[in-house]
Amino acid sequence: MRALVVSDLHANAEALKAVMNRIRRKKFDKVVCLGDFVGYGAQPNQVLDTMRTMKAPKLYIRGNHDRVAAGVEDGEGFNHAAKFAALWTRDHLSAPNRHFLQRLPLGPIRFDSLLLCHGSPYDEDEYVFNEAHARNVFDMTDARVILYGHTHLPVIFAMDSHGRLRGASVRGETIVRLDKDHRYLINPGSVGQPRDRNPQASFAMYDSKKMTVQFFRCTYDVEKTQMAIVRAGLPPILAHRLTHGT
Ligand SMILES: [Fe+2]
């Protein structure tokens with residue numbers, strides 16, 4: 001299986017368009033999205049239209065922003081800008097996109113050797129930043145490869161057969177060969193709002209046969225996305241964060 005893995009698109013249609021261009025000639029037989037299709041950004045319908053109509057079979061789960069934008073919850077734990085954007089999104093969704101968002105499954109979901117979750121397998125709001133967090137996640141499941149999002153940081157944690165754990169942030173584009181005796185916890189980074197001080201959209205391609213995960217970064221029209229946010233009347237901090245990505 002070869003899967004395109006995206007996460008945290010955050011209603012950024014320009015970033016998603018750049019990702020789609022980049023993968024146009026690449027072969028994959030699954031599309032994985034680890035949640036947060038919307039929220040923060042001003043282009044939720046464009047992003048959802050693209051993701052809904054992807055031709056490859058889809059493995060999609062919801063994220064915490066999707067939950068609030070879909071009306072499942074009212075965003076009480078959110079900061080002002082995040083809540084404002086989620087409620088704005090709720091008011092601007094087309095009917096098909098609202099239904100799509102409402103029906104997105106809550107993670108974790110399992111497929112082959114993969115486990116997909118937004119934050120961590122049993123808490124979509126949990127942030128997995130470091131090796132201690134990663135160890136907790138490995139303890140929660142016996143899945144060999146766990147894909148997650150939520151932190152907006154591309155990273156790979158590996159645990160060997162002796163339980164030794166190592167984590168590495170992924171800088172720029174790289175291909176990682178996976179060891180069949182190891183377990184992995186992999187975050188593809190964020191398409192729509194990276195937080196590693198690199199504004200380029202981040203995503204990955206996972207190949208279960210070749211046992212590789214390839215990380216990509218691609219440039220997109222950040223200014224156009226920022227203009228759309230400001231023009232929509234969303235909090236300007238959300239535009240600012242795209243170029244000061246932390
Ligand atoms: Fe997110």
# chains A, B, ... in the order shown; residues from 1 in each chain; ligands from 1
$ residues_near_ligand --ligand "ligand 1" --cutoff "12 Å" --atoms "only C-alpha atoms and all ligand atoms" --output "PyMOL selection string"
chain A and resi 6-12+33-41+62-67+78+82+86+118-119+124-127+148-153+187+189-195
$ select_by_dssp --residues "range 23-205 of chain A" --states "alpha helix (DSSP H)" --output "PyMOL selection string"
chain A and resi 44-52+64-69+80-92+95-103+131-140
$ write_last_selection --atoms "N, CA and C atoms" --output "CSV table (one decimal), in the first residue's frame"
chain,number,residue,atom,x,y,z
A,44,PRO,N,-12.8,26.9,3.7
A,44,PRO,CA,-13.2,25.6,4.1
A,44,PRO,C,-13.8,24.8,3.0
A,45,ASN,N,-14.7,25.5,2.2
A,45,ASN,CA,-15.4,24.8,1.2
A,45,ASN,C,-14.5,24.3,0.1
A,46,GLN,N,-13.5,25.1,-0.3
A,46,GLN,CA,-12.6,24.7,-1.4
A,46,GLN,C,-11.8,23.4,-0.9
A,47,VAL,N,-11.3,23.5,0.3
A,47,VAL,CA,-10.6,22.4,0.9
A,47,VAL,C,-11.4,21.1,1.0
A,48,LEU,N,-12.6,21.2,1.5
A,48,LEU,CA,-13.5,20.1,1.6
A,48,LEU,C,-13.9,19.5,0.3
A,49,ASP,N,-14.2,20.4,-0.7
A,49,ASP,CA,-14.6,19.9,-2.0
A,49,ASP,C,-13.4,19.1,-2.6
A,50,THR,N,-12.2,19.6,-2.5
A,50,THR,CA,-11.1,18.8,-3.0
A,50,THR,C,-10.9,17.5,-2.3
A,51,MET,N,-11.0,17.5,-1.0
A,51,MET,CA,-10.8,16.2,-0.2
A,51,MET,C,-11.9,15.2,-0.4
A,52,ARG,N,-13.1,15.7,-0.5
A,52,ARG,CA,-14.3,14.9,-0.7
A,52,ARG,C,-14.3,14.2,-2.1
A,64,ASN,N,-10.0,18.1,16.2
A,64,ASN,CA,-10.7,18.9,17.1
A,64,ASN,C,-11.4,20.1,16.5
A,65,HIS,N,-10.8,20.7,15.5
A,65,HIS,CA,-11.5,21.9,14.9
A,65,HIS,C,-12.7,21.5,14.0
A,66,ASP,N,-12.5,20.3,13.4
A,66,ASP,CA,-13.7,19.8,12.6
A,66,ASP,C,-14.9,19.5,13.5
A,67,ARG,N,-14.6,19.0,14.7
A,67,ARG,CA,-15.7,18.7,15.7
A,67,ARG,C,-16.5,20.0,16.0
A,68,VAL,N,-15.8,21.1,16.2
A,68,VAL,CA,-16.5,22.3,16.6
A,68,VAL,C,-17.1,22.9,15.3
A,69,ALA,N,-16.4,22.9,14.2
A,69,ALA,CA,-17.0,23.5,13.0
A,69,ALA,C,-18.2,22.7,12.5
A,80,HIS,N,-9.6,32.5,21.7
A,80,HIS,CA,-10.6,33.3,21.0
A,80,HIS,C,-10.5,33.2,19.5
A,81,ALA,N,-9.3,33.2,19.0
A,81,ALA,CA,-9.2,33.2,17.5
A,81,ALA,C,-9.7,31.9,16.9
A,82,ALA,N,-9.3,30.8,17.6
A,82,ALA,CA,-9.7,29.4,17.1
A,82,ALA,C,-11.2,29.3,17.2
A,83,LYS,N,-11.8,29.7,18.2
A,83,LYS,CA,-13.2,29.6,18.4
A,83,LYS,C,-14.0,30.4,17.4
A,84,PHE,N,-13.5,31.7,17.2
A,84,PHE,CA,-14.1,32.6,16.3
A,84,PHE,C,-14.1,31.9,14.9
A,85,ALA,N,-12.9,31.4,14.5
A,85,ALA,CA,-12.8,30.8,13.2
A,85,ALA,C,-13.7,29.5,13.0
A,86,ALA,N,-13.8,28.7,14.0
A,86,ALA,CA,-14.6,27.5,14.0
A,86,ALA,C,-16.1,27.8,13.8
A,87,LEU,N,-16.5,28.9,14.5
A,87,LEU,CA,-17.9,29.3,14.4
A,87,LEU,C,-18.2,30.0,13.1
A,88,TRP,N,-17.2,30.7,12.6
A,88,TRP,CA,-17.3,31.3,11.3
A,88,TRP,C,-17.4,30.2,10.2
A,89,THR,N,-16.6,29.2,10.4
A,89,THR,CA,-16.6,28.1,9.4
A,89,THR,C,-18.0,27.4,9.4
A,90,ARG,N,-18.6,27.2,10.6
A,90,ARG,CA,-19.9,26.6,10.7
A,90,ARG,C,-20.9,27.4,9.9
A,91,ASP,N,-20.8,28.7,9.9
A,91,ASP,CA,-21.8,29.5,9.2
A,91,ASP,C,-21.5,29.6,7.7
A,92,HIS,N,-20.4,29.2,7.3
A,92,HIS,CA,-20.0,29.3,5.8
A,92,HIS,C,-19.9,28.0,5.1
A,95,ALA,N,-23.9,22.8,2.3
A,95,ALA,CA,-24.6,21.7,2.9
A,95,ALA,C,-23.9,20.4,2.7
A,96,PRO,N,-23.4,20.0,1.5
A,96,PRO,CA,-22.6,18.8,1.4
A,96,PRO,C,-21.4,18.7,2.3
A,97,ASN,N,-20.7,19.9,2.4
A,97,ASN,CA,-19.5,19.9,3.3
A,97,ASN,C,-19.8,19.8,4.7
A,98,ARG,N,-21.0,20.4,5.1
A,98,ARG,CA,-21.4,20.3,6.5
A,98,ARG,C,-21.7,18.8,6.9
A,99,HIS,N,-22.4,18.1,6.0
A,99,HIS,CA,-22.7,16.7,6.2
A,99,HIS,C,-21.5,15.9,6.2
A,100,PHE,N,-20.5,16.2,5.3
A,100,PHE,CA,-19.3,15.4,5.3
A,100,PHE,C,-18.5,15.6,6.6
A,101,LEU,N,-18.5,16.8,7.1
A,101,LEU,CA,-17.8,17.1,8.4
A,101,LEU,C,-18.4,16.4,9.5
A,102,GLN,N,-19.8,16.4,9.5
A,102,GLN,CA,-20.5,15.8,10.6
A,102,GLN,C,-20.4,14.3,10.7
A,103,ARG,N,-20.1,13.7,9.5
A,103,ARG,CA,-20.0,12.2,9.4
A,103,ARG,C,-18.6,11.7,9.6
A,131,GLU,N,9.5,12.3,23.6
A,131,GLU,CA,9.6,10.9,23.7
A,131,GLU,C,8.8,10.3,24.8
A,132,ALA,N,8.6,11.0,25.9
A,132,ALA,CA,7.7,10.5,27.0
A,132,ALA,C,6.3,10.4,26.5
A,133,HIS,N,5.8,11.4,25.8
A,133,HIS,CA,4.5,11.3,25.2
A,133,HIS,C,4.4,10.1,24.2
A,134,ALA,N,5.4,10.0,23.4
A,134,ALA,CA,5.4,8.9,22.4
A,134,ALA,C,5.4,7.5,23.1
A,135,ARG,N,6.1,7.4,24.2
A,135,ARG,CA,6.1,6.1,24.9
A,135,ARG,C,4.7,5.7,25.4
A,136,ASN,N,4.0,6.7,25.9
A,136,ASN,CA,2.6,6.5,26.3
A,136,ASN,C,1.8,6.0,25.2
A,137,VAL,N,2.0,6.6,24.0
A,137,VAL,CA,1.2,6.2,22.8
A,137,VAL,C,1.5,4.8,22.4
A,138,PHE,N,2.8,4.4,22.4
A,138,PHE,CA,3.1,3.0,22.1
A,138,PHE,C,2.5,2.0,23.0
A,139,ASP,N,2.4,2.5,24.3
A,139,ASP,CA,1.8,1.6,25.3
A,139,ASP,C,0.3,1.4,25.2
A,140,MET,N,-0.3,2.4,24.5
A,140,MET,CA,-1.8,2.3,24.3
A,140,MET,C,-2.2,1.3,23.3
$ closest_residue --among "A:Glu173, A:Pro188, A:Ala168, A:Asn79" --to "Ile237 in chain A" --atoms "only C-alpha atoms"
A:Asn79
$ select_by_dssp --residues "range 3-194 of chain A" --states "strand (DSSP E)" --output "count of residues only"
39
$ closest_residue --among "A:Pro121, A:Ile109, A:Ser202, A:Pro154" --to "Thr219 in chain A" --atoms "only C-alpha atoms"
A:Ser202
$ atom_distance --atom1 "CA of Leu165 in chain A" --atom2 "CA of Asn130 in chain A"
10.5 Å
$ closest_residue --among "A:Leu147, A:Ala201, A:Val213, A:Val5" --to "Asp179 in chain A" --atoms "only C-alpha atoms"
A:Val213
$ closest_residue --among "A:Thr53, A:Gln214, A:Ser169, A:Thr243" --to "Asn198 in chain A" --atoms "only C-alpha atoms"
A:Thr243
$ atom_distance --atom1 "CA of Gly167 in chain A" --atom2 "CA of Ile146 in chain A"
13.7 Å
$ closest_residue --among "A:Met227, A:Met20, A:Leu242, A:Val72" --to "Ala42 in chain A" --atoms "only C-alpha atoms"
A:Met227
$ residues_around --residues "Arg183 in chain A" --least-positions-apart "4" --cutoff "9 Å" --atoms "only C-alpha atoms" --output "MDAnalysis selection string"
chainID A and resid 138 142:146 157:161 178:179
$ write_last_selection --atoms "N, CA and C atoms" --output "PDB file, in the first residue's frame"
ATOM      1  N   PHE A 138       2.779   4.420  22.398  1.00  0.00           N
ATOM      2  CA  PHE A 138       3.148   3.037  22.052  1.00  0.00           C
ATOM      3  C   PHE A 138       2.528   2.049  23.044  1.00  0.00           C
ATOM      4  N   ASP A 142      -1.018  -1.856  20.050  1.00  0.00           N
ATOM      5  CA  ASP A 142       0.023  -2.744  19.523  1.00  0.00           C
ATOM      6  C   ASP A 142       0.270  -2.479  18.040  1.00  0.00           C
ATOM      7  N   ALA A 143      -0.319  -1.393  17.514  1.00  0.00           N
ATOM      8  CA  ALA A 143      -0.131  -1.080  16.088  1.00  0.00           C
ATOM      9  C   ALA A 143       1.346  -0.849  15.799  1.00  0.00           C
ATOM     10  N   ARG A 144       1.767  -1.272  14.622  1.00  0.00           N
ATOM     11  CA  ARG A 144       3.195  -1.122  14.272  1.00  0.00           C
ATOM     12  C   ARG A 144       3.517   0.303  13.824  1.00  0.00           C
ATOM     13  N   VAL A 145       2.597   0.881  13.071  1.00  0.00           N
ATOM     14  CA  VAL A 145       2.821   2.248  12.600  1.00  0.00           C
ATOM     15  C   VAL A 145       1.605   3.097  12.962  1.00  0.00           C
ATOM     16  N   ILE A 146       1.857   4.145  13.717  1.00  0.00           N
ATOM     17  CA  ILE A 146       0.782   5.038  14.147  1.00  0.00           C
ATOM     18  C   ILE A 146       1.008   6.382  13.453  1.00  0.00           C
ATOM     19  N   PHE A 157       9.015   9.081  15.544  1.00  0.00           N
ATOM     20  CA  PHE A 157       9.521   8.394  16.730  1.00  0.00           C
ATOM     21  C   PHE A 157       9.641   6.915  16.369  1.00  0.00           C
ATOM     22  N   ALA A 158      10.757   6.298  16.771  1.00  0.00           N
ATOM     23  CA  ALA A 158      10.950   4.873  16.484  1.00  0.00           C
ATOM     24  C   ALA A 158      11.226   4.146  17.791  1.00  0.00           C
ATOM     25  N   MET A 159      10.611   2.967  17.943  1.00  0.00           N
ATOM     26  CA  MET A 159      10.891   2.148  19.125  1.00  0.00           C
ATOM     27  C   MET A 159      11.387   0.789  18.654  1.00  0.00           C
ATOM     28  N   ASP A 160      12.571   0.384  19.143  1.00  0.00           N
ATOM     29  CA  ASP A 160      13.119  -0.905  18.702  1.00  0.00           C
ATOM     30  C   ASP A 160      12.532  -2.047  19.535  1.00  0.00           C
ATOM     31  N   SER A 161      12.959  -3.275  19.210  1.00  0.00           N
ATOM     32  CA  SER A 161      12.356  -4.453  19.852  1.00  0.00           C
ATOM     33  C   SER A 161      12.706  -4.538  21.341  1.00  0.00           C
ATOM     34  N   LEU A 178      12.098   2.363   6.934  1.00  0.00           N
ATOM     35  CA  LEU A 178      11.568   1.827   8.186  1.00  0.00           C
ATOM     36  C   LEU A 178      12.099   0.415   8.402  1.00  0.00           C
ATOM     37  N   ASP A 179      12.463   0.136   9.648  1.00  0.00           N
ATOM     38  CA  ASP A 179      12.982  -1.179  10.020  1.00  0.00           C
ATOM     39  C   ASP A 179      11.803  -2.077  10.394  1.00  0.00           C
TER      40      ASP A 179
END
$ atom_distance --atom1 "CA of Leu93 in chain A" --atom2 "CA of Cys117 in chain A"
24.1 Å
